[in-house]
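Asks: Structure incoming, see below.
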Amino acid sequence: MEGYSVIGKRIPRIDGRMKVTGEAKYAADYVLPGMLWCKILRSPYPHAKILNIDTGRAERLAGVKGIVTAKDFGGWSWGWMPRTRDEHPLALDKARYLGEAVAAVAAVDEDIAEEATELIKVEYEELPGVFDPEEAMKEDAPQVHDYVKKNLSWDFHMDFGDVEKGFSEADLVREDRFETGRVITGYLEPPAALALWDSSGITIWPSKQSPYFVYRHLASCFKLPLNRVRVIQPFIGGGFGGTKNDSLAGDFCSVLLSRMTGRPVKFVYSMEEVLMTCRRRHNMIIHNKMGMKRDGAITAMQSRVIADGGAYTAIGPLTMYLTGCISTLPYNLPNFKHDIYRVFTNNPISAAMRGHGVTHTRFAAEIQMEMMAEELGIDPVQVRLINAITAPHETVNKVTVQSCGMIDSIRHLANHPMWKKRTGHERRRGPISQGIGLSSSAYLGGARQRGHQSCGAVVRLCEDGTIDYLTGATDCGQGSDTVLVQIIAEELGVGIEDIDIKRVDTAYTPCDAGSYGSRVTVLAGAAAKKAAQDVKRQLSVIAARELGTEPENIIFKDHKVYVKDAPGRAMPFLKLSQIACYSGPGAVILGRGYSDYGIEELDFDKGIGNAGTSYSFTSQLSEVDVDMETGFVRCSNVVIAHDCGRPLNPVNVEAQCEGAAVQGMGQALYERFVMDHGKILNANLADYKMPLSTDVPDIEVIHIPADDPDGPYGAKEASEGAIVSSPPSIVSAIHDATGVWIKEQPITPEKIVMTLKKKEKT
Amino acid sequence: MKMKKISFILNGKQYELRVKPWQTLLELIREDLNMTGTKEGCGQGECGSCTVIMNGKTVNSCLVPAIEADGQEILTIEGLSDNDRLHPIQEAFVSHSGMQCGFCTPGMIMSAKALLDSNPDPTEAEIRESISGNFCRCTGYTKIIASISAAADLMKEK
């Protein structure tokens, strides 16, 4: 980028060295003298009353130091909203999903702790369960929670324009049923924490992408003031939303066991516990109805969505909100109606996951739009171009878009050699049929929903010209620490090596919502920029005095300050720092900044307004080879045209898009939990089929700059759009190869073979 | 519990230790030797996060009983760099952004090391195959493959 020294440059990650040497410490790597191990006993039933818990035998096992059950938490519960606090650290009266935590043990080593859990005797009364959300909505279905009828966890009814009028004006109206799969985030670092309770309160090193969530939960649970809860963030081994945003049984139990025993307590979940019990993406059934004019223009869309919420609410209401409120992007949609029902079942809890909410309804709408375009004889590029929005734009539900590279991204892909070879190429070689698909998507960045919005930065100058940067934001792998440091370096005219980012320590860093809703670059980036500018203002006064000019004439660049238009009148940044810190009483140079972008209220009940501050746009081409005999699909090539505003670090943006596209591919083609009455039959990584290195396509990322006027240096969110665009482009490519549309993810070989057989018969 | 005495070389250093019969090599490395660079992802030999090199071959250290380390030579991520000097594979992972969250990185690098030691000039397909036992959820593998390819070039130069 022109004029910038650090911003927009392909700078390697600042944490790279620590990560390649094994020096980077994750939660499970922390130990303290006298440390105990915590293990959790989990319910073997998906729905059962807990009649009695006998811990006697476990207590007598040598090496066991403490045992906790629900009663030790005094009935405390938590949830995303005041009225959804339905989850207890340990199951209170009944277990509502298989694997729900029931008791926890602390012992001198992991093996003894595990053995002790097996000695705890729990008397259950098994209850009839409900596992299918459509069944759960029926009058006579078993009730997961006593206080809600027909298991309705949450619902939204959004209604904009006049869909009936829109459908009557359409030349073609289509209704389809789509379904998205049961998939999990897939981080490799299982949740873990080391907790210590002493006279100063709680200190905990947990694997959290939102450390300030557990900070509040622990203070509330243990009735401590916030300044006696210290959450120290280790390196985080992937997040992708849901589990590592929220708190876990292990967090609460290890803290309580530390209080009971006076010793530090550590837990590390097993991968089986992760796959059986941790938060996952909602599985959704989407009944979609769309109206289209003969030229391809969409006149109306109506969606009726049923989401399997699992046993508790968690962040589910927000997921429901996003499925609807972002449906009005990235295409003009004058009439829109959205009814969504989140339903309790006796399955594990559904929550946020990368591409949150948006991936479900965009998949349905994108595929249906293309099906209709096909019926009307309109090219996939054309139908997108005719409907794509341009900035500035306000949707029918008052989502406002200030910058938009949608049309640019579609045009780039339409001119790409991959798309050009789609027409007129030899698509069949032996049993292999080749197909190419296109999709587009939008995603919100800088999410600011319902409180927990604060996002600040503190920048502290050291007397040797180096800089400490304190942020409450968490890099769980996406590379945000590097981008944030680039911002400070750019503003102060120094190098990234001069800045040290302090990872979250709630004792010192400013409160922040952490990594969720693609908010770090947009909001923490703005805060970092402002804090650095605050330092600059303070230093400019001193520099102006030394260089005989006014503060506003001081330029910070290349490790120097100089007078604007007189670069000869300069001094090194180091010298300026020394003068600032040593002369007179010695100034304490401390810069502060916070982001106030996008804080206008939205109407959460009706789905009106901006849930994010700015919106990214992504178009994607996918090329697949489908074996027409076995149904096996290989995705060989992907091209992503991504408008993230301005890429502040293009390598990071590309890396994020690549990861997102592959995660989306896994969801589209392979990944799913196979479930039987609430039991997961494939709770291991060998059978739950995430993509491996041999499965992944070659990926090209094209940057489509469309600066957001209010984002830091024009930046918006990066890459959540690419997990949204991946499934529809792959489904469209499979259609191009096979001639059939498959509307349920994942598109397994069996589904392809069965659909092709059915087509042959008709 | 009968402890068994074993001796082995790890990262060039000779060790003599008593281990429990059911202890894994991963537990030995992480808990007895306090080297936490080697990670435990699944503990079932599926994710590759715990990959170390034993006698020149990669193993999932979560599946290897510690007693099998007796008489063996083991290399972990901590043994790769020469004090402050990164190994060319580590250098390439840094310069080519071959990692994001970093949790799979030590195992991934050990797999790459075993490949490049036996095949200094691998094709892309061979690189993909060599890390097909290592899951990564962040990168989509693209930049990891590029890093290993760059590492091969770096190692040839040196």
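We name chains A, B, ... following the order of the structure tokens; residues begin at 1 in each chain, and ligands are numbered from 1 as shown.
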Output the contact residues of chain B with respect to chain A at a cut-off of 8 Å, based on only C-alpha atoms, as JSON, numbers by chain.

Replies: {"B": [36, 37, 38, 40, 41, 42, 43, 46, 47, 49, 77, 78, 80, 81, 86, 90, 93, 94, 95, 96, 97, 99, 100, 101, 102, 103, 104, 105, 106, 109, 125, 128, 129, 131, 132, 133, 134, 135, 136, 137, 138, 139, 140, 141, 142, 143]}

Asks: Since we have the selection now, will you write its residues out, keeping C-alpha atoms, as a short mmCIF file (atom, residue, chain, number, x, y, z; two decimals), in the first residue's frame?

Replies:
```
data_model
loop_
_atom_site.label_atom_id
_atom_site.label_comp_id
_atom_site.auth_asym_id
_atom_site.auth_seq_id
_atom_site.Cartn_x
_atom_site.Cartn_y
_atom_site.Cartn_z
CA THR B 36 6.22 -29.41 26.24
CA GLY B 37 6.98 -28.60 22.61
CA THR B 38 5.55 -31.99 21.65
CA GLU B 40 -1.06 -34.03 22.69
CA GLY B 41 -4.07 -33.54 20.43
CA CYS B 42 -6.06 -36.76 20.38
CA GLY B 43 -3.90 -39.23 22.31
CA GLU B 46 -4.88 -39.91 14.73
CA CYS B 47 -3.89 -36.24 14.73
CA SER B 49 0.42 -33.42 17.01
CA ILE B 77 11.09 -30.22 18.26
CA GLU B 78 13.34 -28.87 21.03
CA LEU B 80 15.96 -29.14 16.05
CA SER B 81 17.40 -25.67 16.41
CA LEU B 86 16.70 -22.17 13.60
CA GLN B 90 11.78 -23.94 11.08
CA PHE B 93 7.83 -22.25 8.32
CA VAL B 94 8.40 -18.78 9.78
CA SER B 95 9.11 -17.04 6.49
CA HIS B 96 6.28 -18.80 4.59
CA SER B 97 3.66 -18.50 7.35
CA MET B 99 1.57 -22.06 10.89
CA GLN B 100 -1.40 -20.30 12.42
CA CYS B 101 -2.38 -21.46 15.90
CA GLY B 102 0.85 -23.43 16.04
CA PHE B 103 -0.48 -26.46 17.88
CA CYS B 104 0.13 -28.91 15.02
CA THR B 105 3.39 -27.17 14.09
CA PRO B 106 5.94 -29.16 16.11
CA ILE B 109 7.86 -29.98 11.36
CA ALA B 125 2.63 -35.11 -3.86
CA ARG B 128 1.44 -33.97 0.96
CA GLU B 129 1.83 -37.69 1.62
CA ILE B 131 2.24 -34.93 6.38
CA SER B 132 -0.95 -36.89 5.73
CA GLY B 133 -0.78 -38.17 9.31
CA ASN B 134 -0.77 -34.64 10.71
CA PHE B 135 -4.05 -32.78 10.98
CA CYS B 136 -4.10 -29.00 10.70
CA ARG B 137 -7.40 -27.17 11.02
CA CYS B 138 -6.14 -23.62 10.55
CA THR B 139 -4.12 -23.42 7.37
CA GLY B 140 -5.79 -25.68 4.86
CA TYR B 141 -2.22 -27.08 4.54
CA THR B 142 -1.43 -24.75 1.62
CA LYS B 143 1.23 -22.69 3.36
#
```

Asks: Would you mind writing down, as a PyMOL selection string, each residue of range 164-281 of chain A that DSSP on the backbone assigns to helix (DSSP H, G or I)?

Replies: chain A and resi 164-169+211-221+226-228+249-261+271-277

Asks: Given the selection you just returned, output its residues as a file containing N, CA and C atoms, formatted as a compact mmCIF listing (two decimals), in the first residue's frame.

Replies:
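Output contents, as saved in out.txt:
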```txt
# COMPACT_ATOMS: atom_id res chain seq x y z
N GLU A 164 -45.42 -11.74 -0.14
CA GLU A 164 -46.50 -12.26 -1.00
C GLU A 164 -46.56 -11.45 -2.29
N LYS A 165 -46.44 -10.16 -2.15
CA LYS A 165 -46.44 -9.28 -3.33
C LYS A 165 -45.22 -9.64 -4.20
N GLY A 166 -44.08 -9.84 -3.55
CA GLY A 166 -42.85 -10.21 -4.27
C GLY A 166 -43.02 -11.50 -5.04
N PHE A 167 -43.64 -12.49 -4.43
CA PHE A 167 -43.84 -13.77 -5.12
C PHE A 167 -44.83 -13.61 -6.27
N SER A 168 -45.84 -12.76 -6.09
CA SER A 168 -46.83 -12.59 -7.17
C SER A 168 -46.22 -11.86 -8.37
N GLU A 169 -45.21 -11.06 -8.11
CA GLU A 169 -44.55 -10.35 -9.22
C GLU A 169 -43.50 -11.20 -9.94
N PRO A 211 -11.04 -14.67 26.65
CA PRO A 211 -10.72 -14.85 28.07
C PRO A 211 -11.63 -14.05 29.00
N TYR A 212 -12.19 -12.94 28.51
CA TYR A 212 -13.03 -12.13 29.39
C TYR A 212 -14.41 -12.71 29.61
N PHE A 213 -14.78 -13.72 28.86
CA PHE A 213 -16.06 -14.39 29.14
C PHE A 213 -15.90 -15.23 30.42
N VAL A 214 -14.86 -16.06 30.45
CA VAL A 214 -14.66 -16.92 31.62
C VAL A 214 -14.35 -16.07 32.86
N TYR A 215 -13.73 -14.94 32.66
CA TYR A 215 -13.43 -13.98 33.74
C TYR A 215 -14.72 -13.57 34.44
N ARG A 216 -15.71 -13.19 33.64
CA ARG A 216 -17.00 -12.79 34.22
C ARG A 216 -17.73 -13.98 34.84
N HIS A 217 -17.68 -15.10 34.12
CA HIS A 217 -18.39 -16.28 34.64
C HIS A 217 -17.81 -16.72 35.99
N LEU A 218 -16.49 -16.73 36.11
CA LEU A 218 -15.86 -17.18 37.36
C LEU A 218 -16.18 -16.22 38.51
N ALA A 219 -16.14 -14.90 38.21
CA ALA A 219 -16.45 -13.92 39.25
C ALA A 219 -17.89 -14.13 39.75
N SER A 220 -18.78 -14.36 38.81
CA SER A 220 -20.18 -14.54 39.16
C SER A 220 -20.39 -15.86 39.91
N CYS A 221 -19.80 -16.92 39.42
CA CYS A 221 -19.98 -18.24 40.03
C CYS A 221 -19.44 -18.27 41.46
N LEU A 226 -14.38 -8.64 40.37
CA LEU A 226 -13.62 -8.93 39.15
C LEU A 226 -12.11 -8.75 39.35
N ASN A 227 -11.73 -7.84 40.23
CA ASN A 227 -10.28 -7.64 40.40
C ASN A 227 -9.62 -8.77 41.20
N ARG A 228 -10.40 -9.78 41.57
CA ARG A 228 -9.80 -10.95 42.19
C ARG A 228 -9.92 -12.19 41.31
N ALA A 249 -17.39 -27.01 32.00
CA ALA A 249 -17.41 -27.70 33.30
C ALA A 249 -16.00 -27.72 33.90
N GLY A 250 -15.02 -28.02 33.09
CA GLY A 250 -13.64 -28.13 33.58
C GLY A 250 -13.13 -26.84 34.21
N ASP A 251 -13.52 -25.68 33.66
CA ASP A 251 -13.07 -24.40 34.21
C ASP A 251 -13.60 -24.23 35.64
N PHE A 252 -14.91 -24.42 35.78
CA PHE A 252 -15.54 -24.21 37.09
C PHE A 252 -15.03 -25.24 38.10
N CYS A 253 -14.95 -26.50 37.66
CA CYS A 253 -14.58 -27.57 38.59
C CYS A 253 -13.13 -27.44 39.03
N SER A 254 -12.23 -27.09 38.12
CA SER A 254 -10.83 -27.01 38.53
C SER A 254 -10.64 -25.85 39.52
N VAL A 255 -11.37 -24.75 39.32
CA VAL A 255 -11.28 -23.63 40.27
C VAL A 255 -11.82 -24.05 41.64
N LEU A 256 -12.99 -24.68 41.64
CA LEU A 256 -13.60 -25.08 42.92
C LEU A 256 -12.72 -26.13 43.62
N LEU A 257 -12.17 -27.05 42.85
CA LEU A 257 -11.32 -28.08 43.46
C LEU A 257 -10.03 -27.47 44.02
N SER A 258 -9.55 -26.41 43.39
CA SER A 258 -8.38 -25.72 43.91
C SER A 258 -8.73 -25.04 45.23
N ARG A 259 -9.93 -24.45 45.28
CA ARG A 259 -10.34 -23.81 46.54
C ARG A 259 -10.46 -24.85 47.66
N MET A 260 -11.02 -26.01 47.29
CA MET A 260 -11.25 -27.05 48.29
C MET A 260 -9.95 -27.66 48.80
N THR A 261 -8.96 -27.80 47.90
CA THR A 261 -7.75 -28.53 48.25
C THR A 261 -6.59 -27.62 48.61
N MET A 271 -9.73 -35.81 23.41
CA MET A 271 -10.37 -35.52 22.13
C MET A 271 -11.76 -36.15 22.07
N GLU A 272 -11.92 -37.27 22.76
CA GLU A 272 -13.26 -37.89 22.81
C GLU A 272 -14.24 -36.96 23.54
N GLU A 273 -13.78 -36.37 24.64
CA GLU A 273 -14.65 -35.40 25.36
C GLU A 273 -14.98 -34.21 24.46
N VAL A 274 -13.99 -33.77 23.68
CA VAL A 274 -14.21 -32.65 22.77
C VAL A 274 -15.32 -33.00 21.78
N LEU A 275 -15.16 -34.17 21.16
CA LEU A 275 -16.10 -34.53 20.09
C LEU A 275 -17.47 -34.91 20.64
N MET A 276 -17.49 -35.46 21.86
CA MET A 276 -18.78 -35.86 22.45
C MET A 276 -19.52 -34.67 23.05
N THR A 277 -18.79 -33.73 23.66
CA THR A 277 -19.48 -32.78 24.54
C THR A 277 -19.29 -31.31 24.19
```

Asks: Could you tell me which of B:Asn11, B:Glu68, B:Gly107, B:Ile148 comes closest to Thr123 in chain B if we count only C-alpha atoms?

Replies: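 Among the listed residues, the smallest separation from Thr123 in chain B belongs to B:Ile148.
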
Asks: Run DSSP on the backbone and tell me which residues of chain B come out as strand (DSSP E or B); list them as an MDAnalysis selection string.

Replies: chainID B and resid 4:10 13:19 24 51:54 57:60 65 73:75 82 85

Asks: Got a sec: who's within 12 Å of Leu413 in chain A, counting only C-alpha atoms, leaving out chain neighbours fewer than 4 positions off, as a ChimeraX atom specification?

Replies: /A:380-381,384-385,406-409,417-422,436-440,618-622,638-642,700-704

Asks: With C-alpha atoms retained, export the selected residues as a CSV table (one decimal), in the first residue's frame.

Replies:
```csv
chain,number,residue,atom,x,y,z
A,380,PRO,CA,-24.5,-18.3,-12.9
A,381,VAL,CA,-22.3,-15.2,-13.4
A,384,ARG,CA,-25.2,-12.9,-9.5
A,385,LEU,CA,-24.2,-9.7,-11.4
A,406,MET,CA,-19.0,-7.9,-4.8
A,407,ILE,CA,-19.4,-7.1,-8.5
A,408,ASP,CA,-15.6,-6.8,-8.8
A,409,SER,CA,-15.1,-10.2,-7.2
A,417,PRO,CA,-9.2,-19.2,-16.8
A,418,MET,CA,-10.9,-21.8,-14.5
A,419,TRP,CA,-14.3,-20.3,-15.2
A,420,LYS,CA,-13.5,-19.9,-18.9
A,421,LYS,CA,-12.8,-23.6,-19.3
A,422,ARG,CA,-16.2,-24.4,-17.8
A,436,ILE,CA,-16.8,-26.0,-11.8
A,437,GLY,CA,-19.0,-24.0,-9.5
A,438,LEU,CA,-19.4,-20.4,-8.4
A,439,SER,CA,-20.7,-18.8,-5.3
A,440,SER,CA,-20.8,-15.5,-3.5
A,618,THR,CA,-16.3,-13.2,-1.2
A,619,SER,CA,-16.8,-15.0,-4.4
A,620,GLN,CA,-15.4,-18.5,-4.9
A,621,LEU,CA,-14.8,-20.9,-7.8
A,622,SER,CA,-14.4,-24.6,-7.0
A,638,VAL,CA,-10.3,-23.2,-5.6
A,639,VAL,CA,-10.1,-19.6,-6.4
A,640,ILE,CA,-11.3,-17.0,-3.9
A,641,ALA,CA,-11.9,-13.4,-4.7
A,642,HIS,CA,-12.1,-11.7,-1.3
A,700,GLU,CA,-5.6,-19.1,-5.2
A,701,VAL,CA,-6.6,-15.9,-3.3
A,702,ILE,CA,-7.3,-12.7,-5.2
A,703,HIS,CA,-7.6,-9.5,-3.1
A,704,ILE,CA,-10.4,-7.2,-4.1
```

Asks: Could you name the residues that touch Gly71 in chain B at 12 Å or less, counting only C-alpha atoms, but leaving out those on the same chain fewer than 6 positions away, as a ChimeraX atom specification?

Replies: /B:5-10,14-17,54-55

Asks: Just want the 8 Å neighbourhood of range 36-40 of chain A, counted on only C-alpha atoms, with same-chain residues fewer than 6 positions away dropped. Output as a CSV table (one decimal) with N, CA and C atoms, in the first residue's frame.

Replies:
```csv
chain,number,residue,atom,x,y,z
A,101,ALA,N,-21.5,-33.2,32.1
A,101,ALA,CA,-20.6,-33.4,33.2
A,101,ALA,C,-21.5,-33.5,34.5
A,102,VAL,N,-21.2,-34.5,35.3
A,102,VAL,CA,-22.0,-34.8,36.5
A,102,VAL,C,-21.2,-34.6,37.8
A,103,ALA,N,-19.9,-35.0,37.8
A,103,ALA,CA,-19.1,-34.8,38.9
A,103,ALA,C,-17.6,-34.6,38.5
A,104,ALA,N,-16.8,-34.1,39.4
A,104,ALA,CA,-15.4,-34.0,39.0
A,104,ALA,C,-14.5,-34.3,40.2
A,105,VAL,N,-13.3,-34.8,39.9
A,105,VAL,CA,-12.4,-35.3,40.9
A,105,VAL,C,-11.0,-34.6,40.7
A,106,ALA,N,-10.4,-34.3,41.8
A,106,ALA,CA,-9.0,-33.9,41.8
A,106,ALA,C,-8.1,-34.9,42.5
A,107,ALA,N,-7.1,-35.3,41.8
A,107,ALA,CA,-6.2,-36.3,42.4
A,107,ALA,C,-4.7,-36.0,42.0
A,108,VAL,N,-3.8,-36.7,42.7
A,108,VAL,CA,-2.4,-36.4,42.5
A,108,VAL,C,-1.9,-36.7,41.1
A,109,ASP,N,-2.5,-37.6,40.4
A,109,ASP,CA,-2.1,-37.7,39.0
A,109,ASP,C,-3.4,-38.1,38.2
A,110,GLU,N,-3.1,-38.0,36.9
A,110,GLU,CA,-4.3,-38.1,35.9
A,110,GLU,C,-4.9,-39.5,36.0
A,113,ALA,N,-7.1,-39.8,39.1
A,113,ALA,CA,-8.3,-39.0,38.9
A,113,ALA,C,-9.3,-39.7,38.0
A,114,GLU,N,-8.8,-40.3,37.0
A,114,GLU,CA,-9.7,-41.0,36.1
A,114,GLU,C,-10.3,-42.3,36.8
A,117,THR,N,-13.1,-41.3,39.1
A,117,THR,CA,-14.4,-41.0,38.4
A,117,THR,C,-15.2,-42.2,38.2
A,250,GLY,N,-15.0,-28.0,33.1
A,250,GLY,CA,-13.6,-28.1,33.6
A,250,GLY,C,-13.1,-26.8,34.2
A,253,CYS,N,-15.0,-26.5,37.7
A,253,CYS,CA,-14.6,-27.6,38.6
A,253,CYS,C,-13.1,-27.4,39.0
A,254,SER,N,-12.2,-27.1,38.1
A,254,SER,CA,-10.8,-27.0,38.5
A,254,SER,C,-10.6,-25.9,39.5
A,263,ARG,N,-4.6,-26.4,46.5
A,263,ARG,CA,-3.5,-26.8,45.5
A,263,ARG,C,-4.0,-26.3,44.1
A,264,PRO,N,-3.0,-26.1,43.3
A,264,PRO,CA,-3.3,-25.8,41.9
A,264,PRO,C,-3.9,-27.1,41.2
A,265,VAL,N,-4.9,-26.8,40.3
A,265,VAL,CA,-5.6,-28.0,39.7
A,265,VAL,C,-5.6,-27.8,38.2
A,266,LYS,N,-5.3,-28.8,37.5
A,266,LYS,CA,-5.3,-28.7,36.0
A,266,LYS,C,-6.2,-29.7,35.4
A,267,PHE,N,-6.9,-29.3,34.3
A,267,PHE,CA,-7.7,-30.3,33.5
A,267,PHE,C,-7.3,-30.2,32.1
A,268,VAL,N,-7.3,-31.3,31.3
A,268,VAL,CA,-7.1,-31.3,29.9
A,268,VAL,C,-8.2,-32.2,29.4
```

Asks: Go through A:His157, A:Val183, A:Glu394, A:Arg60 and flag the residue nearest Tyr688 in chain A, using only C-alpha atoms for the distances.

Replies: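 Among A:His157, A:Val183, A:Glu394, A:Arg60, it is A:Val183 that comes nearest to Tyr688 in chain A.
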
Asks: When you draw a straight line from CA of Asn346 in chain A to CA of Lys150 in chain A, how long is it in Å?

Replies: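 Between these atoms lies a distance of 13.2 Å.
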
Asks: Taking only C-alpha atoms into account, name the residue in B:Asn83, B:Thr58, B:Gln44, B:Asn34 that is nearest to Ser118 in chain B.

Replies: B:Thr58

Asks: Thr51 in chain B: which residues within 6 Å, counting only C-alpha atoms, same-chain residues fewer than 4 positions away excluded, as a count of residues only?

Replies: 4

Asks: I'd like the neighbourhood of Val563 in chain A as a VMD selection string, where a residue qualifies if any of its atoms comes within 12 Å (using only C-alpha atoms), though same-chain residues fewer than 2 positions away should be ignored.

Replies: chain A and resid 540 543 to 557 560 to 561 565 to 571

Asks: Just write the chosen residues, N, CA and C atoms, as a PDB file, in the first residue's frame.

Replies:
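The result, written out as out.pdb:
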```
ATOM      1  N   SER A 540       4.792  14.230  20.345  1.00  0.00           N
ATOM      2  CA  SER A 540       4.904  15.352  19.395  1.00  0.00           C
ATOM      3  C   SER A 540       5.155  16.669  20.109  1.00  0.00           C
ATOM      4  N   ALA A 543       8.814  16.587  20.988  1.00  0.00           N
ATOM      5  CA  ALA A 543       9.619  16.686  19.757  1.00  0.00           C
ATOM      6  C   ALA A 543       9.552  18.095  19.183  1.00  0.00           C
ATOM      7  N   ALA A 544       8.375  18.707  19.230  1.00  0.00           N
ATOM      8  CA  ALA A 544       8.201  20.056  18.679  1.00  0.00           C
ATOM      9  C   ALA A 544       9.059  21.059  19.449  1.00  0.00           C
ATOM     10  N   ARG A 545       9.081  20.869  20.751  1.00  0.00           N
ATOM     11  CA  ARG A 545       9.898  21.754  21.596  1.00  0.00           C
ATOM     12  C   ARG A 545      11.384  21.604  21.227  1.00  0.00           C
ATOM     13  N   GLU A 546      11.819  20.379  21.057  1.00  0.00           N
ATOM     14  CA  GLU A 546      13.231  20.122  20.749  1.00  0.00           C
ATOM     15  C   GLU A 546      13.603  20.595  19.347  1.00  0.00           C
ATOM     16  N   LEU A 547      12.661  20.462  18.399  1.00  0.00           N
ATOM     17  CA  LEU A 547      12.981  20.764  16.998  1.00  0.00           C
ATOM     18  C   LEU A 547      12.491  22.149  16.578  1.00  0.00           C
ATOM     19  N   GLY A 548      11.916  22.886  17.527  1.00  0.00           N
ATOM     20  CA  GLY A 548      11.500  24.255  17.259  1.00  0.00           C
ATOM     21  C   GLY A 548      10.379  24.363  16.255  1.00  0.00           C
ATOM     22  N   THR A 549       9.306  23.607  16.470  1.00  0.00           N
ATOM     23  CA  THR A 549       8.154  23.708  15.571  1.00  0.00           C
ATOM     24  C   THR A 549       6.877  23.452  16.367  1.00  0.00           C
ATOM     25  N   GLU A 550       5.776  23.323  15.683  1.00  0.00           N
ATOM     26  CA  GLU A 550       4.504  23.013  16.348  1.00  0.00           C
ATOM     27  C   GLU A 550       4.293  21.499  16.346  1.00  0.00           C
ATOM     28  N   PRO A 551       3.616  20.967  17.365  1.00  0.00           N
ATOM     29  CA  PRO A 551       3.416  19.517  17.448  1.00  0.00           C
ATOM     30  C   PRO A 551       2.781  18.911  16.194  1.00  0.00           C
ATOM     31  N   GLU A 552       1.877  19.628  15.563  1.00  0.00           N
ATOM     32  CA  GLU A 552       1.187  19.042  14.404  1.00  0.00           C
ATOM     33  C   GLU A 552       2.111  18.874  13.191  1.00  0.00           C
ATOM     34  N   ASN A 553       3.318  19.487  13.269  1.00  0.00           N
ATOM     35  CA  ASN A 553       4.263  19.346  12.154  1.00  0.00           C
ATOM     36  C   ASN A 553       5.193  18.148  12.290  1.00  0.00           C
ATOM     37  N   ILE A 554       5.055  17.412  13.388  1.00  0.00           N
ATOM     38  CA  ILE A 554       5.999  16.308  13.632  1.00  0.00           C
ATOM     39  C   ILE A 554       5.550  15.041  12.905  1.00  0.00           C
ATOM     40  N   ILE A 555       6.477  14.467  12.150  1.00  0.00           N
ATOM     41  CA  ILE A 555       6.206  13.220  11.422  1.00  0.00           C
ATOM     42  C   ILE A 555       7.006  12.092  12.077  1.00  0.00           C
ATOM     43  N   PHE A 556       6.359  10.946  12.255  1.00  0.00           N
ATOM     44  CA  PHE A 556       7.001   9.746  12.819  1.00  0.00           C
ATOM     45  C   PHE A 556       7.211   8.749  11.688  1.00  0.00           C
ATOM     46  N   LYS A 557       8.446   8.458  11.353  1.00  0.00           N
ATOM     47  CA  LYS A 557       8.715   7.514  10.268  1.00  0.00           C
ATOM     48  C   LYS A 557      10.150   7.001  10.351  1.00  0.00           C
ATOM     49  N   LYS A 560      12.416   7.575  13.277  1.00  0.00           N
ATOM     50  CA  LYS A 560      12.822   8.971  13.476  1.00  0.00           C
ATOM     51  C   LYS A 560      11.584   9.824  13.652  1.00  0.00           C
ATOM     52  N   VAL A 561      11.797  11.033  14.198  1.00  0.00           N
ATOM     53  CA  VAL A 561      10.770  12.060  14.054  1.00  0.00           C
ATOM     54  C   VAL A 561      11.420  13.216  13.316  1.00  0.00           C
ATOM     55  N   ASP A 565       8.034  18.641   5.858  1.00  0.00           N
ATOM     56  CA  ASP A 565       8.649  19.432   4.786  1.00  0.00           C
ATOM     57  C   ASP A 565      10.098  19.834   5.082  1.00  0.00           C
ATOM     58  N   ALA A 566      10.635  19.392   6.223  1.00  0.00           N
ATOM     59  CA  ALA A 566      12.058  19.674   6.506  1.00  0.00           C
ATOM     60  C   ALA A 566      12.693  18.434   7.125  1.00  0.00           C
ATOM     61  N   PRO A 567      12.812  17.366   6.352  1.00  0.00           N
ATOM     62  CA  PRO A 567      13.259  16.097   6.924  1.00  0.00           C
ATOM     63  C   PRO A 567      14.646  16.178   7.552  1.00  0.00           C
ATOM     64  N   GLY A 568      15.400  17.210   7.262  1.00  0.00           N
ATOM     65  CA  GLY A 568      16.715  17.389   7.878  1.00  0.00           C
ATOM     66  C   GLY A 568      16.617  17.707   9.364  1.00  0.00           C
ATOM     67  N   ARG A 569      15.512  18.353   9.757  1.00  0.00           N
ATOM     68  CA  ARG A 569      15.325  18.676  11.184  1.00  0.00           C
ATOM     69  C   ARG A 569      14.682  17.462  11.846  1.00  0.00           C
ATOM     70  N   ALA A 570      15.573  16.573  12.327  1.00  0.00           N
ATOM     71  CA  ALA A 570      15.082  15.263  12.767  1.00  0.00           C
ATOM     72  C   ALA A 570      15.794  14.821  14.027  1.00  0.00           C
ATOM     73  N   MET A 571      15.227  13.849  14.689  1.00  0.00           N
ATOM     74  CA  MET A 571      15.951  13.143  15.756  1.00  0.00           C
ATOM     75  C   MET A 571      15.477  11.700  15.797  1.00  0.00           C
TER      76      MET A 571
END
```

Asks: Provide the CA of Arg294 in chain A to CA of Ala170 in chain A distance in Å, to one decimal place.

Replies: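 Taking CA of Arg294 in chain A as the start and CA of Ala170 in chain A as the end point, the length is 7.8 Å.
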